[in-house]
>>> print(open('start-v2.txt').read())   # compact mmCIF, C-alpha atoms (C1' of nucleotides)
# COMPACT_ATOMS: atom_id res chain seq x y z
CA MET A 1 -65.47 85.01 -65.63
CA ALA A 2 -62.02 86.42 -66.06
CA ARG A 3 -62.06 88.45 -69.22
CA TYR A 4 -59.69 91.32 -68.50
CA GLN A 5 -56.00 90.97 -67.88
CA PRO A 6 -56.12 91.60 -64.11
CA GLY A 7 -58.61 88.80 -63.57
CA ILE A 8 -56.55 86.35 -65.60
CA GLU A 9 -53.40 87.22 -63.68
CA THR A 10 -55.16 86.90 -60.34
CA ARG A 11 -56.47 83.53 -61.39
CA LYS A 12 -52.94 82.39 -62.15
CA ARG A 13 -51.66 83.69 -58.81
CA ILE A 14 -54.41 81.82 -57.00
CA LEU A 15 -53.66 78.55 -58.78
CA THR A 16 -49.95 78.94 -58.09
CA ALA A 17 -50.71 79.51 -54.42
CA VAL A 18 -52.96 76.44 -54.28
CA ARG A 19 -50.36 74.34 -56.08
CA HIS A 20 -47.63 75.23 -53.60
CA LEU A 21 -49.85 74.92 -50.55
CA LEU A 22 -51.17 71.52 -51.63
CA GLY A 23 -47.66 70.31 -52.36
CA GLU A 24 -46.14 71.59 -49.15
CA ALA A 25 -48.86 71.48 -46.52
CA GLY A 26 -51.43 69.15 -48.05
CA MET A 27 -55.18 69.59 -47.83
CA GLU A 28 -55.12 70.53 -44.19
CA GLY A 29 -52.85 73.50 -44.78
CA THR A 30 -54.69 74.69 -47.87
CA THR A 31 -57.15 77.02 -46.17
CA LEU A 32 -58.82 79.97 -47.83
CA LYS A 33 -56.85 82.38 -45.66
CA ALA A 34 -53.56 80.70 -46.62
CA ILE A 35 -54.50 80.87 -50.30
CA CYS A 36 -55.50 84.53 -50.10
CA ASP A 37 -52.39 85.49 -48.12
CA ARG A 38 -50.13 83.75 -50.58
CA ALA A 39 -51.88 85.13 -53.65
CA ASP A 40 -52.11 88.53 -51.98
CA ILE A 41 -55.82 89.00 -52.49
CA GLN A 42 -59.00 89.20 -50.43
CA PRO A 43 -61.61 86.44 -50.14
CA GLY A 44 -64.07 88.33 -52.31
CA SER A 45 -61.60 88.32 -55.16
CA PHE A 46 -61.17 84.58 -54.86
CA TYR A 47 -64.90 83.95 -55.11
CA ASN A 48 -65.14 86.26 -58.06
CA LEU A 49 -63.01 83.77 -59.99
CA PHE A 50 -63.82 80.41 -58.38
CA ALA A 51 -67.16 79.03 -57.27
CA SER A 52 -65.56 77.33 -54.25
CA LYS A 53 -62.28 76.39 -52.68
CA GLU A 54 -62.92 72.86 -53.89
CA GLU A 55 -63.05 74.02 -57.49
CA ALA A 56 -59.60 75.62 -57.29
CA ILE A 57 -58.17 72.53 -55.63
CA LEU A 58 -59.73 70.19 -58.18
CA SER A 59 -58.26 72.35 -60.90
CA VAL A 60 -54.75 71.82 -59.52
CA VAL A 61 -55.28 68.12 -58.87
CA ARG A 62 -56.46 67.59 -62.45
CA GLU A 63 -53.36 69.44 -63.54
CA ALA A 64 -51.20 67.02 -61.55
CA VAL A 65 -52.96 63.89 -62.75
CA THR A 66 -52.64 65.08 -66.35
CA ALA A 67 -49.00 66.10 -66.01
CA VAL A 68 -47.97 62.71 -64.64
CA ASP A 69 -49.22 60.97 -67.76
CA PRO A 70 -46.14 59.91 -69.70
CA ASP A 71 -47.89 59.43 -73.04
CA PRO A 72 -51.07 61.50 -73.37
CA ASP A 73 -51.59 60.48 -76.98
CA HIS A 74 -51.00 56.83 -76.17
CA ARG A 75 -49.11 56.14 -79.34
CA GLY A 76 -48.04 52.83 -77.87
CA THR A 77 -44.46 52.96 -79.10
CA ASP A 78 -42.61 53.90 -75.91
CA THR A 79 -39.98 51.68 -74.37
CA VAL A 80 -39.81 51.07 -70.64
CA ALA A 81 -36.83 53.43 -70.53
CA ASP A 82 -38.92 56.11 -72.26
CA LEU A 83 -41.73 55.77 -69.76
CA VAL A 84 -39.34 55.88 -66.82
CA GLU A 85 -37.56 58.90 -68.26
CA ALA A 86 -40.89 60.67 -68.77
CA TYR A 87 -41.75 60.16 -65.12
CA VAL A 88 -38.34 61.40 -64.01
CA ALA A 89 -38.74 64.45 -66.24
CA PHE A 90 -42.12 65.15 -64.67
CA VAL A 91 -40.68 65.00 -61.16
CA THR A 92 -37.64 67.08 -62.10
CA ASP A 93 -39.46 69.73 -64.11
CA GLN A 94 -42.59 70.05 -61.98
CA PRO A 95 -41.60 69.05 -58.46
CA VAL A 96 -44.52 70.89 -56.91
CA LEU A 97 -47.07 69.08 -59.04
CA ALA A 98 -45.27 65.82 -58.34
CA LYS A 99 -45.79 66.35 -54.62
CA VAL A 100 -49.42 67.21 -55.20
CA TYR A 101 -49.84 63.96 -57.11
CA LEU A 102 -48.17 62.00 -54.32
CA LYS A 103 -50.40 63.55 -51.67
CA MET A 104 -53.49 62.77 -53.70
CA ALA A 105 -52.38 59.20 -54.40
CA VAL A 106 -52.03 58.58 -50.69
CA GLY A 107 -55.58 59.76 -50.36
CA GLY A 108 -55.13 63.03 -48.60
CA GLY A 109 -58.71 63.08 -47.44
CA MET A 110 -60.52 63.99 -50.60
CA SER A 111 -64.03 65.02 -49.69
CA ASP A 112 -65.10 63.64 -53.02
CA ASP A 113 -64.60 59.94 -53.71
CA HIS A 114 -64.69 60.79 -57.39
CA LEU A 115 -61.17 62.18 -57.10
CA THR A 116 -59.75 59.05 -55.52
CA ASP A 117 -61.35 57.02 -58.28
CA ARG A 118 -59.77 59.29 -60.87
CA VAL A 119 -56.33 58.83 -59.37
CA LEU A 120 -56.83 55.07 -59.17
CA ALA A 121 -58.05 54.86 -62.76
CA HIS A 122 -55.06 56.83 -63.91
CA HIS A 123 -52.71 54.65 -61.91
CA ARG A 124 -54.14 51.54 -63.55
CA ARG A 125 -53.67 53.07 -66.97
CA ARG A 126 -50.02 53.74 -66.13
CA ILE A 127 -49.54 50.09 -65.18
CA GLU A 128 -51.06 49.14 -68.53
CA ARG A 129 -48.60 51.34 -70.40
CA PHE A 130 -45.65 49.78 -68.62
CA THR A 131 -47.01 46.28 -69.16
CA GLU A 132 -47.40 46.89 -72.89
CA ALA A 133 -43.90 48.35 -73.15
CA LEU A 134 -42.47 45.33 -71.34
CA LEU A 135 -44.27 42.91 -73.65
CA ARG A 136 -43.01 44.84 -76.67
CA GLU A 137 -39.42 44.55 -75.44
CA TYR A 138 -39.61 41.05 -74.03
CA PRO A 139 -42.16 39.13 -76.11
CA ASP A 140 -41.34 35.92 -74.25
CA LEU A 141 -42.81 37.32 -71.04
CA SER A 142 -46.22 36.03 -70.01
CA ASP A 143 -48.92 38.66 -69.59
CA MET A 144 -49.04 38.04 -65.88
CA ASP A 145 -45.29 38.29 -65.41
CA ALA A 146 -45.19 41.49 -67.43
CA ARG A 147 -47.97 42.95 -65.33
CA ARG A 148 -46.25 42.05 -62.11
CA SER A 149 -43.00 43.53 -63.34
CA ALA A 150 -44.80 46.68 -64.41
CA GLU A 151 -46.38 46.96 -60.99
CA ARG A 152 -42.98 46.57 -59.36
CA ILE A 153 -41.33 49.18 -61.56
CA LEU A 154 -44.08 51.70 -60.92
CA ALA A 155 -43.97 50.94 -57.21
CA THR A 156 -40.25 51.67 -57.18
CA LEU A 157 -40.72 54.93 -59.05
CA ASN A 158 -43.50 56.06 -56.73
CA GLY A 159 -41.45 54.95 -53.74
CA LEU A 160 -38.50 56.98 -54.97
CA VAL A 161 -40.69 60.06 -55.26
CA LEU A 162 -41.97 59.39 -51.75
CA GLN A 163 -38.41 59.15 -50.48
CA TRP A 164 -37.44 62.29 -52.39
CA SER A 165 -40.34 64.17 -50.82
CA LEU A 166 -38.97 63.13 -47.42
CA ASP A 167 -35.33 63.73 -48.33
CA PRO A 168 -34.72 66.14 -51.21
CA GLU A 169 -31.17 64.79 -51.56
CA THR A 170 -32.54 61.62 -53.12
CA ASP A 171 -31.20 61.08 -56.62
CA VAL A 172 -34.44 60.11 -58.30
CA ALA A 173 -33.03 60.31 -61.82
CA GLY A 174 -29.97 58.16 -61.06
CA GLN A 175 -31.96 55.57 -59.17
CA ALA A 176 -34.59 55.42 -61.91
CA ARG A 177 -31.87 54.80 -64.49
CA ALA A 178 -30.39 52.06 -62.31
CA LEU A 179 -33.89 50.59 -62.12
CA VAL A 180 -34.18 50.40 -65.88
CA ALA A 181 -30.83 48.58 -66.00
CA THR A 182 -32.17 45.86 -63.71
CA VAL A 183 -35.14 45.13 -65.97
CA ARG A 184 -34.20 41.86 -67.61
CA THR A 185 -36.26 38.78 -68.17
CA MET B 1 -54.89 59.48 -15.33
CA ALA B 2 -56.73 56.33 -16.18
CA ARG B 3 -56.51 54.09 -13.13
CA TYR B 4 -59.76 52.18 -13.11
CA GLN B 5 -60.86 49.70 -15.72
CA PRO B 6 -63.44 51.94 -17.44
CA GLY B 7 -60.87 54.67 -18.03
CA ILE B 8 -58.40 52.23 -19.50
CA GLU B 9 -60.99 50.76 -21.83
CA THR B 10 -62.16 54.18 -22.96
CA ARG B 11 -58.56 55.14 -23.66
CA LYS B 12 -58.18 52.08 -25.84
CA ARG B 13 -61.41 52.85 -27.70
CA ILE B 14 -60.22 56.39 -28.35
CA LEU B 15 -56.85 55.24 -29.68
CA THR B 16 -58.54 52.67 -31.90
CA ALA B 17 -60.82 55.35 -33.26
CA VAL B 18 -57.89 57.68 -33.94
CA ARG B 19 -55.93 54.88 -35.58
CA HIS B 20 -58.74 54.05 -38.00
CA LEU B 21 -59.59 57.66 -38.74
CA LEU B 22 -55.97 58.58 -39.41
CA GLY B 23 -55.54 55.54 -41.63
CA GLU B 24 -58.73 56.06 -43.59
CA ALA B 25 -59.39 59.77 -43.69
CA GLY B 26 -56.01 61.26 -42.74
CA MET B 27 -55.48 64.28 -40.56
CA GLU B 28 -58.29 66.24 -42.19
CA GLY B 29 -60.89 63.66 -41.27
CA THR B 30 -59.63 63.09 -37.76
CA THR B 31 -61.77 65.70 -36.02
CA LEU B 32 -62.72 65.59 -32.37
CA LYS B 33 -66.34 64.95 -33.29
CA ALA B 34 -65.34 62.04 -35.52
CA ILE B 35 -63.19 60.58 -32.77
CA CYS B 36 -65.93 60.93 -30.15
CA ASP B 37 -68.60 59.52 -32.43
CA ARG B 38 -66.47 56.52 -33.29
CA ALA B 39 -65.37 55.88 -29.70
CA ASP B 40 -68.94 56.51 -28.53
CA ILE B 41 -68.02 59.09 -25.91
CA GLN B 42 -68.48 62.79 -25.20
CA PRO B 43 -65.78 65.46 -25.60
CA GLY B 44 -65.39 65.82 -21.86
CA SER B 45 -64.48 62.17 -21.56
CA PHE B 46 -61.82 62.57 -24.21
CA TYR B 47 -60.19 65.45 -22.36
CA ASN B 48 -60.31 63.53 -19.13
CA LEU B 49 -57.84 61.11 -20.71
CA PHE B 50 -55.88 63.21 -23.20
CA ALA B 51 -54.51 66.71 -22.83
CA SER B 52 -55.28 67.51 -26.44
CA LYS B 53 -56.29 66.00 -29.77
CA GLU B 54 -52.66 66.34 -30.82
CA GLU B 55 -51.53 64.12 -27.96
CA ALA B 56 -53.82 61.28 -29.01
CA ILE B 57 -52.68 61.59 -32.61
CA LEU B 58 -49.00 61.68 -31.65
CA SER B 59 -49.60 58.56 -29.60
CA VAL B 60 -50.87 56.68 -32.64
CA VAL B 61 -48.17 58.05 -34.93
CA ARG B 62 -45.47 56.95 -32.51
CA GLU B 63 -47.15 53.56 -32.46
CA ALA B 64 -46.91 53.38 -36.25
CA VAL B 65 -43.29 54.53 -36.41
CA THR B 66 -42.36 51.97 -33.78
CA ALA B 67 -44.31 49.14 -35.38
CA VAL B 68 -42.66 49.63 -38.76
CA ASP B 69 -39.23 49.06 -37.25
CA PRO B 70 -38.17 45.62 -38.44
CA ASP B 71 -35.49 45.09 -35.78
CA PRO B 72 -36.11 47.09 -32.61
CA ASP B 73 -33.20 45.54 -30.77
CA HIS B 74 -30.91 46.10 -33.75
CA ARG B 75 -29.09 42.83 -33.32
CA GLY B 76 -27.57 43.31 -36.73
CA THR B 77 -27.95 39.74 -37.88
CA ASP B 78 -30.91 40.01 -40.22
CA THR B 79 -30.71 39.18 -43.90
CA VAL B 80 -32.33 41.35 -46.55
CA ALA B 81 -35.03 38.70 -46.86
CA ASP B 82 -35.64 38.93 -43.11
CA LEU B 83 -36.02 42.70 -43.24
CA VAL B 84 -38.34 42.54 -46.24
CA GLU B 85 -40.40 39.81 -44.57
CA ALA B 86 -40.65 41.90 -41.40
CA TYR B 87 -42.03 44.81 -43.38
CA VAL B 88 -44.51 42.59 -45.19
CA ALA B 89 -45.60 41.13 -41.86
CA PHE B 90 -46.13 44.64 -40.50
CA VAL B 91 -48.31 45.60 -43.46
CA THR B 92 -50.24 42.33 -43.35
CA ASP B 93 -50.75 42.19 -39.59
CA GLN B 94 -51.35 45.86 -38.93
CA PRO B 95 -52.76 47.31 -42.14
CA VAL B 96 -54.31 50.27 -40.36
CA LEU B 97 -51.01 51.30 -38.77
CA ALA B 98 -49.29 50.78 -42.11
CA LYS B 99 -51.64 53.31 -43.69
CA VAL B 100 -51.05 55.72 -40.85
CA TYR B 101 -47.31 55.41 -41.42
CA LEU B 102 -47.74 56.02 -45.15
CA LYS B 103 -49.83 59.13 -44.56
CA MET B 104 -47.28 60.50 -42.11
CA ALA B 105 -44.37 59.74 -44.42
CA VAL B 106 -46.00 61.74 -47.18
CA GLY B 107 -46.20 64.56 -44.69
CA GLY B 108 -49.89 64.84 -44.14
CA GLY B 109 -49.58 68.34 -42.75
CA MET B 110 -48.10 67.72 -39.36
CA SER B 111 -48.51 70.86 -37.32
CA ASP B 112 -45.31 69.94 -35.58
CA ASP B 113 -42.13 69.71 -37.63
CA HIS B 114 -40.74 67.47 -34.91
CA LEU B 115 -42.92 64.65 -36.20
CA THR B 116 -41.71 64.95 -39.77
CA ASP B 117 -38.14 64.89 -38.46
CA ARG B 118 -38.92 61.76 -36.49
CA VAL B 119 -40.31 59.97 -39.53
CA LEU B 120 -37.30 61.05 -41.61
CA ALA B 121 -34.82 59.91 -38.95
CA HIS B 122 -36.57 56.58 -38.76
CA HIS B 123 -36.56 56.22 -42.51
CA ARG B 124 -32.81 56.84 -42.59
CA ARG B 125 -32.27 54.20 -39.93
CA ARG B 126 -34.22 51.73 -42.04
CA ILE B 127 -31.99 52.44 -45.01
CA GLU B 128 -28.98 51.80 -42.77
CA ARG B 129 -30.35 48.43 -41.71
CA PHE B 130 -30.88 47.37 -45.30
CA THR B 131 -27.44 48.64 -46.30
CA GLU B 132 -25.78 46.66 -43.51
CA ALA B 133 -27.70 43.51 -44.42
CA LEU B 134 -26.69 43.88 -48.06
CA LEU B 135 -23.03 44.31 -47.14
CA ARG B 136 -23.23 41.26 -44.91
CA GLU B 137 -24.62 39.15 -47.75
CA TYR B 138 -22.58 40.66 -50.56
CA PRO B 139 -19.23 41.72 -49.05
CA ASP B 140 -17.92 42.64 -52.51
CA LEU B 141 -20.43 45.50 -52.78
CA SER B 142 -19.07 49.00 -52.28
CA ASP B 143 -20.68 51.02 -49.49
CA MET B 144 -22.18 53.39 -51.99
CA ASP B 145 -23.62 50.65 -54.17
CA ALA B 146 -25.08 48.92 -51.14
CA ARG B 147 -26.66 52.16 -50.01
CA ARG B 148 -28.17 52.82 -53.39
CA SER B 149 -29.52 49.29 -53.56
CA ALA B 150 -30.94 49.63 -50.08
CA GLU B 151 -32.65 52.88 -51.07
CA ARG B 152 -34.10 51.21 -54.12
CA ILE B 153 -35.40 48.21 -52.19
CA LEU B 154 -37.04 50.40 -49.59
CA ALA B 155 -38.50 52.62 -52.28
CA THR B 156 -40.07 49.58 -53.91
CA LEU B 157 -41.50 48.37 -50.62
CA ASN B 158 -42.94 51.77 -49.79
CA GLY B 159 -44.24 52.09 -53.33
CA LEU B 160 -45.95 48.71 -53.04
CA VAL B 161 -47.66 49.84 -49.85
CA LEU B 162 -48.73 53.02 -51.60
CA GLN B 163 -50.17 50.98 -54.44
CA TRP B 164 -51.85 48.63 -52.00
CA SER B 165 -53.45 51.56 -50.22
CA LEU B 166 -54.86 52.64 -53.59
CA ASP B 167 -55.79 49.13 -54.70
CA PRO B 168 -56.28 46.57 -51.90
CA GLU B 169 -55.95 43.76 -54.44
CA THR B 170 -52.20 44.39 -54.65
CA ASP B 171 -50.22 41.32 -53.65
CA VAL B 172 -47.66 43.06 -51.44
CA ALA B 173 -46.24 39.82 -50.03
CA GLY B 174 -45.76 38.17 -53.42
CA GLN B 175 -44.24 41.25 -54.99
CA ALA B 176 -41.93 41.73 -52.02
CA ARG B 177 -40.73 38.16 -52.35
CA ALA B 178 -40.13 38.66 -56.07
CA LEU B 179 -38.17 41.77 -55.13
CA VAL B 180 -35.87 39.79 -52.86
CA ALA B 181 -35.25 37.33 -55.68
CA THR B 182 -33.98 40.14 -57.92
CA VAL B 183 -31.39 41.26 -55.40
CA ARG B 184 -28.14 40.02 -56.86
CA THR B 185 -24.85 41.77 -57.18
C1' DT C 1 -64.28 111.61 -71.86
C1' DT C 2 -68.42 108.49 -71.08
C1' DC C 3 -70.30 104.59 -69.14
C1' DC C 4 -70.98 99.88 -68.52
C1' DT C 5 -68.35 95.84 -67.17
C1' DT C 6 -64.93 93.65 -64.66
C1' DT C 7 -62.27 93.41 -60.60
C1' DT C 8 -61.24 94.26 -55.80
C1' DT C 9 -62.31 95.20 -51.21
C1' DG C 10 -63.25 93.89 -46.36
C1' DA C 11 -66.58 93.66 -42.96
C1' DG C 12 -69.94 90.32 -41.96
C1' DT C 13 -72.50 85.46 -41.64
C1' DA C 14 -73.08 80.69 -40.56
C1' DT C 15 -71.02 76.74 -39.31
C1' DA C 16 -67.36 73.60 -37.59
C1' DT C 17 -63.73 72.76 -34.58
C1' DG C 18 -60.92 72.24 -30.41
C1' DC C 19 -61.59 72.64 -25.87
C1' DT C 20 -63.63 73.86 -20.88
C1' DC C 21 -66.13 73.20 -16.80
C1' DA C 22 -69.59 72.61 -13.34
C1' DC C 23 -72.05 68.75 -12.49
C1' DT C 24 -73.62 63.78 -12.14
C1' DT C 25 -72.65 58.98 -12.08
C1' DT C 26 -69.66 55.08 -11.32
C1' DT C 27 -65.90 52.67 -9.27
C1' DG C 28 -63.54 50.10 -5.78
C1' DA C 29 -60.37 50.18 -1.55
C1' DG C 30 -61.19 50.37 3.46
C1' DC D 1 -71.69 50.27 3.31
C1' DT D 2 -68.93 54.65 2.92
C1' DC D 3 -66.88 58.02 0.49
C1' DA D 4 -63.11 60.05 -1.98
C1' DA D 5 -61.24 59.50 -6.41
C1' DA D 6 -62.13 58.52 -11.10
C1' DA D 7 -64.98 58.60 -15.14
C1' DG D 8 -68.54 60.50 -17.92
C1' DT D 9 -71.80 64.22 -19.40
C1' DG D 10 -73.23 67.92 -22.49
C1' DA D 11 -74.13 72.72 -22.83
C1' DG D 12 -71.27 76.34 -23.95
C1' DC D 13 -67.06 79.27 -25.26
C1' DA D 14 -63.48 81.11 -28.42
C1' DT D 15 -61.60 80.73 -32.58
C1' DA D 16 -61.10 79.37 -37.45
C1' DT D 17 -63.07 78.38 -41.67
C1' DA D 18 -65.67 78.73 -46.04
C1' DC D 19 -68.28 81.89 -48.07
C1' DT D 20 -71.38 86.44 -49.13
C1' DC D 21 -72.44 90.99 -50.51
C1' DA D 22 -72.87 95.87 -51.01
C1' DA D 23 -69.94 99.22 -52.29
C1' DA D 24 -65.72 101.17 -54.28
C1' DA D 25 -61.96 101.12 -57.71
C1' DA D 26 -60.05 99.98 -62.13
C1' DG D 27 -60.47 98.69 -67.03
C1' DG D 28 -61.44 99.53 -71.69
C1' DA D 29 -64.52 99.94 -75.95
C1' DA D 30 -67.12 103.91 -77.90
>>> encode(input="start-v2.txt", output="C-alpha cells")
Amino acid sequence: MARYQPGIETRKRILTAVRHLLGEAGMEGTTLKAICDRADIQPGSFYNLFASKEEAILSVVREAVTAVDPDPDHRGTDTVADLVEAYVAFVTDQPVLAKVYLKMAVGGGMSDDHLTDRVLAHHRRRIERFTEALLREYPDLSDMDARRSAERILATLNGLVLQWSLDPETDVAGQARALVATVRT
Amino acid sequence: MARYQPGIETRKRILTAVRHLLGEAGMEGTTLKAICDRADIQPGSFYNLFASKEEAILSVVREAVTAVDPDPDHRGTDTVADLVEAYVAFVTDQPVLAKVYLKMAVGGGMSDDHLTDRVLAHHRRRIERFTEALLREYPDLSDMDARRSAERILATLNGLVLQWSLDPETDVAGQARALVATVRT
DNA sequence: TTCCTTTTTGAGTATATGCTCACTTTTGAG
DNA sequence: CTCAAAAGTGAGCATATACTCAAAAAGGAA
C-alpha cells in the first residue's frame, strides 16, 4: 500500500495519533476525526493506508501486547527481579503503550472478542513466566504456592501501573523494587 | 420527577441496565438504545426520568465510588485486615459495581474531567485510610514507609480486581487474605 | 521531460446516536 | 367516579461517525 516515502510517513503519523488517543482517551475518544486532526490528514488519506479504523487500532493494540512481553524468546532463564525490571522498563520507556495495554486489559469495549482473548492469553503466559522464575529461585515452593505468588506479584505490578495512570507521581520503579525485596518463601 | 410507583420502578430498571452495561461493555457500549432495550422502555420514558444519558451514568458512577469506600463514617479504628476485608466484600457482593469502578479508575474516557478528579480524590483518601491503619498497627513505621506500603497494598488489591475482571476464576478473597499475612514490618 | 503510480483532498453517503415532543395511557388522591 | 398529574410511546430531528469516491497533486523511474 505505502510504497513511497510520503505514504510511509503518513502511516507512522496515523499510528502515533492512534497510540496517543487510545492511551489518553480510550476507545471512545479515538474517533476518525480525532485521528485525522491529530495526524493532520483527511479521511481519504487514512483509508488509502488502512482498510478500517479497526485495523489501525488493532495494529496499535498488538504493538502494546507485544511490547509488554518481558521475554519474547522465552529463554526461561530470567529471575523474578529480571521480569519485574522488564515490566518497569516497558512502563518507563513506553508509557503511552503501557496505558494502551491497561485500557485493553480492563476491556475497553473491544468490538471483537478475539482481542480480549488475546489479552487474556498473554496475561496467562506472563503468570507462567513468573511462576517458572519463582520455582527456579525457590525450588522448595509447591507449584500452587508459586502460582499464587506469581499472580500476586503480577497483580501488584498491574495495580501500580493503574495507580500511576491515575497519579503520574507514583514511583512505579521504586515500588516494584520494594516488591521484589518482599518476595521470600 | 418519579412520584408514583411505576416511575420509581422504571428508574430502578434504567439504573440496573446502566450498571450492567457500564460494567460489561464500558462507556462505548452504554448507548441510549442499549439502555432502553435492556430496561425495556422507549427513549421518551428515559428522558421523563433523567435529564440526559450522562446524568444516569454519573448516578451509577457515584454509586460505585461510594460503595468502594470501606469506612464511610471514617471512624479511624479499622485494622488493615478490616480494610482489605471490606474491599473484598465489596467486590464479592457487588461485582458489577466493582467492574464499573475499575473501568472508571482506568479513565474510560469520561467526558467530564470532574469525574476523573473525583475518582482520584477518592483513591487518595483510600491510601490515607490504609496508611493510618498501618501506623496504628505498626507504630515504629515511618510515615513515608507506611504510605509506600499502603500504596503497594492498594495496588495489589486493585490489580487482583483487574485480574479477576479478566479471569473470573481468580480467587480475590484468598489472595487478599494472603496479602494481609505478608504485611509485616 | 514523460507518464504511470502513489498519495492527498474534501465533499458526500449511510447509519448510529442523543434527544425532543405531541400525544396516549395509567395512576391514585379527593 | 373524576380528573389532573405522572408515566409511557414512538416517529422524528440534529448531529456525529465511519467510510467512499472522483478528481487533483505529488512522486519517481525511464
>>> residues_near_point(input="start-v2.txt", point="(-50.1, 47.1, -40.9)", cutoff="12 Å", atoms="all atoms listed in the file", output="PyMOL selection string")
chain B and resi 19-20+23+63-69+86-102+161+164-165+172
>>> write_last_selection(input="start-v2.txt", atoms="C-alpha atoms", output="short mmCIF file (atom, residue, chain, number, x, y, z; two decimals), keeping the file's coordinate frame")
data_model
loop_
_atom_site.label_atom_id
_atom_site.label_comp_id
_atom_site.auth_asym_id
_atom_site.auth_seq_id
_atom_site.Cartn_x
_atom_site.Cartn_y
_atom_site.Cartn_z
CA ARG B 19 -55.93 54.88 -35.58
CA HIS B 20 -58.74 54.05 -38.00
CA GLY B 23 -55.54 55.54 -41.63
CA GLU B 63 -47.15 53.56 -32.46
CA ALA B 64 -46.91 53.38 -36.25
CA VAL B 65 -43.29 54.53 -36.41
CA THR B 66 -42.36 51.97 -33.78
CA ALA B 67 -44.31 49.14 -35.38
CA VAL B 68 -42.66 49.63 -38.76
CA ASP B 69 -39.23 49.06 -37.25
CA ALA B 86 -40.65 41.90 -41.40
CA TYR B 87 -42.03 44.81 -43.38
CA VAL B 88 -44.51 42.59 -45.19
CA ALA B 89 -45.60 41.13 -41.86
CA PHE B 90 -46.13 44.64 -40.50
CA VAL B 91 -48.31 45.60 -43.46
CA THR B 92 -50.24 42.33 -43.35
CA ASP B 93 -50.75 42.19 -39.59
CA GLN B 94 -51.35 45.86 -38.93
CA PRO B 95 -52.76 47.31 -42.14
CA VAL B 96 -54.31 50.27 -40.36
CA LEU B 97 -51.01 51.30 -38.77
CA ALA B 98 -49.29 50.78 -42.11
CA LYS B 99 -51.64 53.31 -43.69
CA VAL B 100 -51.05 55.72 -40.85
CA TYR B 101 -47.31 55.41 -41.42
CA LEU B 102 -47.74 56.02 -45.15
CA VAL B 161 -47.66 49.84 -49.85
CA TRP B 164 -51.85 48.63 -52.00
CA SER B 165 -53.45 51.56 -50.22
CA VAL B 172 -47.66 43.06 -51.44
#
>>> residues_around(input="start-v2.txt", residues="Lys53 in chain B", least_positions_apart="3", cutoff="7 Å", atoms="only C-alpha atoms (C1' of nucleotides)", output="list of chain:residue names")
B:Leu32, B:Ala56, B:Ile57
>>> interface_residues(input="start-v2.txt", of="chain A", to="chain D", cutoff="9 Å", atoms="all atoms listed in the file", output="PyMOL selection string")
chain A and resi 4-6+31-33+43-44+47+52-53
>>> interface_residues(input="start-v2.txt", of="chain C", to="chain A", cutoff="8 Å", atoms="all atoms listed in the file", output="PDB file with C-alpha atoms (C1' of nucleotides), in the frame of the given file")
ATOM      1  C1'  DT C   6     -64.930  93.650 -64.660  1.00  0.00           C
ATOM      2  C1'  DT C   7     -62.270  93.410 -60.600  1.00  0.00           C
ATOM      3  C1'  DT C   8     -61.240  94.260 -55.800  1.00  0.00           C
ATOM      4  C1'  DT C   9     -62.310  95.200 -51.210  1.00  0.00           C
ATOM      5  C1'  DG C  10     -63.250  93.890 -46.360  1.00  0.00           C
TER       6       DG C  10
END
>>> interface_residues(input="start-v2.txt", of="chain A", to="chain B", cutoff="9 Å", atoms="only C-alpha atoms", output="PyMOL selection string")
chain A and resi 24-29+99+102-103+105-110+116+119-120+123+148-149+151-163+165-167+170+175-176+179+182
>>> atom_distance(input="start-v2.txt", atom1="CA of Leu58 in chain A", atom2="CA of His122 in chain A")
15.3 Å
>>> atom_distance(input="start-v2.txt", atom1="CA of Arg11 in chain B", atom2="C1' of DT17 in chain C")
21.4 Å
>>> residues_around(input="start-v2.txt", residues="Val80 in chain B", least_positions_apart="5", cutoff="9 Å", atoms="only C-alpha atoms (C1' of nucleotides)", output="PyMOL selection string")
chain B and resi 85+129-134+137+180+183
>>> atom_distance(input="start-v2.txt", atom1="CA of Ala17 in chain B", atom2="CA of Leu115 in chain A")
24.8 Å
>>> closest_residue(input="start-v2.txt", among="B:Ala51, B:Asp145, B:Arg126, B:Asp73", to="DT20 in chain C", atoms="only C-alpha atoms (C1' of nucleotides)")
B:Ala51
>>> decode(input="start-v2.txt", residues="range 4-23 of chain D", atoms="C-alpha atoms (C1' of nucleotides)", output="compact mmCIF listing (two decimals), in the first residue's frame")
# COMPACT_ATOMS: atom_id res chain seq x y z
C1' DA D 4 -55.15 16.48 36.96
C1' DA D 5 -50.63 14.80 37.32
C1' DA D 6 -47.49 11.28 36.11
C1' DA D 7 -45.76 7.81 33.04
C1' DG D 8 -45.11 5.87 28.59
C1' DT D 9 -45.00 5.98 23.43
C1' DG D 10 -42.56 6.22 19.03
C1' DA D 11 -41.88 8.88 14.98
C1' DG D 12 -38.71 12.29 14.01
C1' DC D 13 -34.78 15.81 14.35
C1' DA D 14 -29.89 17.31 14.52
C1' DT D 15 -25.54 15.90 14.85
C1' DA D 16 -21.57 12.74 14.75
C1' DT D 17 -19.40 8.88 12.97
C1' DA D 18 -17.22 5.57 9.78
C1' DC D 19 -16.41 5.36 5.29
C1' DT D 20 -16.40 6.35 -0.22
C1' DC D 21 -15.00 8.23 -4.50
C1' DA D 22 -13.91 11.12 -8.34
C1' DA D 23 -10.62 14.28 -9.13
